[in-house]
Amino acid sequence: MYAFFAEIIAHRAGNGLGSGDWVPLIDRLVMLFLLLVGFSALGILFSRQRQPRRAMGLVSRPGMWHEFGTGSAVGWGLLLLTIIPSVFIGGLGVTLWTGAHQWFLLILDLLVLAIAALCEELIFRGYPYQRLMDAIGTTLGSVLISICFVIVHYQPDMPHAAVFALFLLSLILCIAYLRTRALWLPWGLHLPGTQRWGRSSGCRSAAMRGLPAAFHR
């Protein structure tokens with residue numbers, strides 16, 4: 001519930017404080033700030049946490065960027081494996097842009113992707129997930145949070161296979177958190193899939209609207 005209201009505030013802040021290409025970045029930065037502050041406050045007030053950010057999975061430790069990098073490499077690799085065969089078979093066409101502004105958008109959009117993925121991990125593998133596990137156990141907590149993950153990302157035209165893939169992805173991210181007890185690995189794995197901010201009609205971007213290579217049917 002808190003994340004829902006934080007999302008509304010972040011959207012309004014993004015549109016109110018920024019303009020043009022900067023709106024998505026400001027939107028996600030505000031969302032990240034609200035989640036960190038809100039979940040930290042909940043952890044202190046209701047769970048008596050002395051280090052709430054560490055407790056929610058943001059553990060500062062040696063190797064944390066290696067975990068993030070490993071997750072990102074695996075995630076982007078799997079994404080490319082789903083795209084490259086379609087390009088060679090002929091199901092997808094490739095359009096390249098080389099303008100300076102497009103490369104600026106690439107950097108900006110990758111930042112948005114990274115922050116958006118971290119926000120989702122804080123929601124689905126952070127404080128709410130951990131409280132669910134405390135209440136109903138690890139297995140049921142993972143299943144329930146994965147159902148919530150599917151509901152949030154569901155679209156009416158989504159095929160059943162995609163719904164199942166979303167559910168399976170969430171379970172994998174839960175396992176990544178449970179194995180490391182930190183959000184760095186699941187954050188990296190989640191990063192390539194956080195594309196809902198860049199959807200546009202007529203093309204399928206490999207990252208977001210600013211990527212200098214788009215794939216279209």
# chains A, B, ... in the order shown; residues from 1 in each chain; ligands from 1

call {"tool": "select_by_dssp", "arguments": {"residues": "range 25-146 of chain A", "states": "alpha helix (DSSP H)", "output": "PyMOL selection string"}}
result
chain A and resi 25-47+52-55+64-89+100-124+127-136+138-146

call {"tool": "residues_around", "arguments": {"residues": "range 41-44 of chain A", "least_positions_apart": "4", "cutoff": "9 Å", "atoms": "only C-alpha atoms", "output": "ChimeraX atom specification"}}
result
/A:36-37,48-53,55-56,127

call {"tool": "write_last_selection", "arguments": {"atoms": "N, CA and C atoms", "output": "PDB file, in the first residue's frame"}}
result
ATOM      1  N   LEU A  36      13.124   4.160   0.386  1.00  0.00           N
ATOM      2  CA  LEU A  36      14.172   4.038   1.403  1.00  0.00           C
ATOM      3  C   LEU A  36      13.725   4.654   2.718  1.00  0.00           C
ATOM      4  N   VAL A  37      13.151   5.846   2.651  1.00  0.00           N
ATOM      5  CA  VAL A  37      12.707   6.524   3.874  1.00  0.00           C
ATOM      6  C   VAL A  37      11.540   5.784   4.507  1.00  0.00           C
ATOM      7  N   ARG A  48      11.815  -2.885  15.063  1.00  0.00           N
ATOM      8  CA  ARG A  48      12.917  -2.526  15.961  1.00  0.00           C
ATOM      9  C   ARG A  48      14.283  -2.743  15.301  1.00  0.00           C
ATOM     10  N   GLN A  49      14.369  -2.374  14.039  1.00  0.00           N
ATOM     11  CA  GLN A  49      15.629  -2.535  13.309  1.00  0.00           C
ATOM     12  C   GLN A  49      16.553  -1.359  13.602  1.00  0.00           C
ATOM     13  N   ARG A  50      17.788  -1.661  13.935  1.00  0.00           N
ATOM     14  CA  ARG A  50      18.766  -0.600  14.185  1.00  0.00           C
ATOM     15  C   ARG A  50      19.454  -0.148  12.895  1.00  0.00           C
ATOM     16  N   GLN A  51      19.539  -1.044  11.924  1.00  0.00           N
ATOM     17  CA  GLN A  51      20.107  -0.713  10.608  1.00  0.00           C
ATOM     18  C   GLN A  51      19.099  -1.133   9.536  1.00  0.00           C
ATOM     19  N   PRO A  52      18.050  -0.344   9.363  1.00  0.00           N
ATOM     20  CA  PRO A  52      16.946  -0.769   8.476  1.00  0.00           C
ATOM     21  C   PRO A  52      17.349  -0.983   7.031  1.00  0.00           C
ATOM     22  N   ARG A  53      18.233  -0.136   6.499  1.00  0.00           N
ATOM     23  CA  ARG A  53      18.630  -0.312   5.097  1.00  0.00           C
ATOM     24  C   ARG A  53      19.426  -1.602   4.909  1.00  0.00           C
ATOM     25  N   ALA A  55      19.010  -4.191   6.817  1.00  0.00           N
ATOM     26  CA  ALA A  55      18.030  -5.257   7.034  1.00  0.00           C
ATOM     27  C   ALA A  55      17.180  -5.510   5.795  1.00  0.00           C
ATOM     28  N   MET A  56      16.906  -4.456   5.004  1.00  0.00           N
ATOM     29  CA  MET A  56      16.073  -4.651   3.821  1.00  0.00           C
ATOM     30  C   MET A  56      16.855  -5.188   2.623  1.00  0.00           C
ATOM     31  N   TYR A 127      11.723  -4.966   2.287  1.00  0.00           N
ATOM     32  CA  TYR A 127      10.986  -5.002   3.556  1.00  0.00           C
ATOM     33  C   TYR A 127       9.670  -5.793   3.485  1.00  0.00           C
TER      34      TYR A 127
END

call {"tool": "closest_residue", "arguments": {"among": "A:Gly137, A:Ile8, A:Leu144, A:Leu25", "to": "Leu105 in chain A", "atoms": "only C-alpha atoms"}}
result
A:Leu25

call {"tool": "atom_distance", "arguments": {"atom1": "CA of Leu17 in chain A", "atom2": "CA of Leu108 in chain A"}}
result
16.6 Å

call {"tool": "select_by_dssp", "arguments": {"residues": "range 56-159 of chain A", "states": "strand (DSSP E or B)", "output": "PyMOL selection string"}}
result
chain A and resi 93-96

call {"tool": "residues_around", "arguments": {"residues": "Tyr154 in chain A", "least_positions_apart": "3", "cutoff": "12 Å", "atoms": "only C-alpha atoms", "output": "PyMOL selection string"}}
result
chain A and resi 146-151+157-167+196

call {"tool": "write_last_selection", "arguments": {"atoms": "C-alpha atoms", "output": "short mmCIF file (atom, residue, chain, number, x, y, z; two decimals), in the first residue's frame"}}
result
data_model
loop_
_atom_site.label_atom_id
_atom_site.label_comp_id
_atom_site.auth_asym_id
_atom_site.auth_seq_id
_atom_site.Cartn_x
_atom_site.Cartn_y
_atom_site.Cartn_z
CA SER A 146 5.61 -13.53 -6.87
CA ILE A 147 1.85 -13.45 -7.42
CA CYS A 148 1.90 -9.76 -6.47
CA PHE A 149 4.80 -9.27 -8.89
CA VAL A 150 2.75 -10.78 -11.72
CA ILE A 151 -0.32 -8.69 -10.86
CA ASP A 157 -2.84 -8.83 -23.98
CA MET A 158 -0.16 -10.82 -22.16
CA PRO A 159 -0.08 -14.52 -23.17
CA HIS A 160 -0.22 -17.22 -20.51
CA ALA A 161 3.41 -18.15 -21.16
CA ALA A 162 4.50 -14.59 -20.36
CA VAL A 163 2.49 -14.60 -17.12
CA PHE A 164 4.16 -17.83 -16.08
CA ALA A 165 7.56 -16.42 -17.07
CA LEU A 166 6.96 -13.39 -14.82
CA PHE A 167 6.05 -15.65 -11.92
CA ARG A 196 8.05 -0.77 -18.91
#

call {"tool": "residues_around", "arguments": {"residues": "Leu132 in chain A", "least_positions_apart": "3", "cutoff": "9 Å", "atoms": "only C-alpha atoms", "output": "list in words"}}
result
Tyr127, Pro128, Tyr129, Ala135, Ile136, Gly137, Thr138, Leu140, Gly141, Ser142, Leu144 and Ile145 of chain A
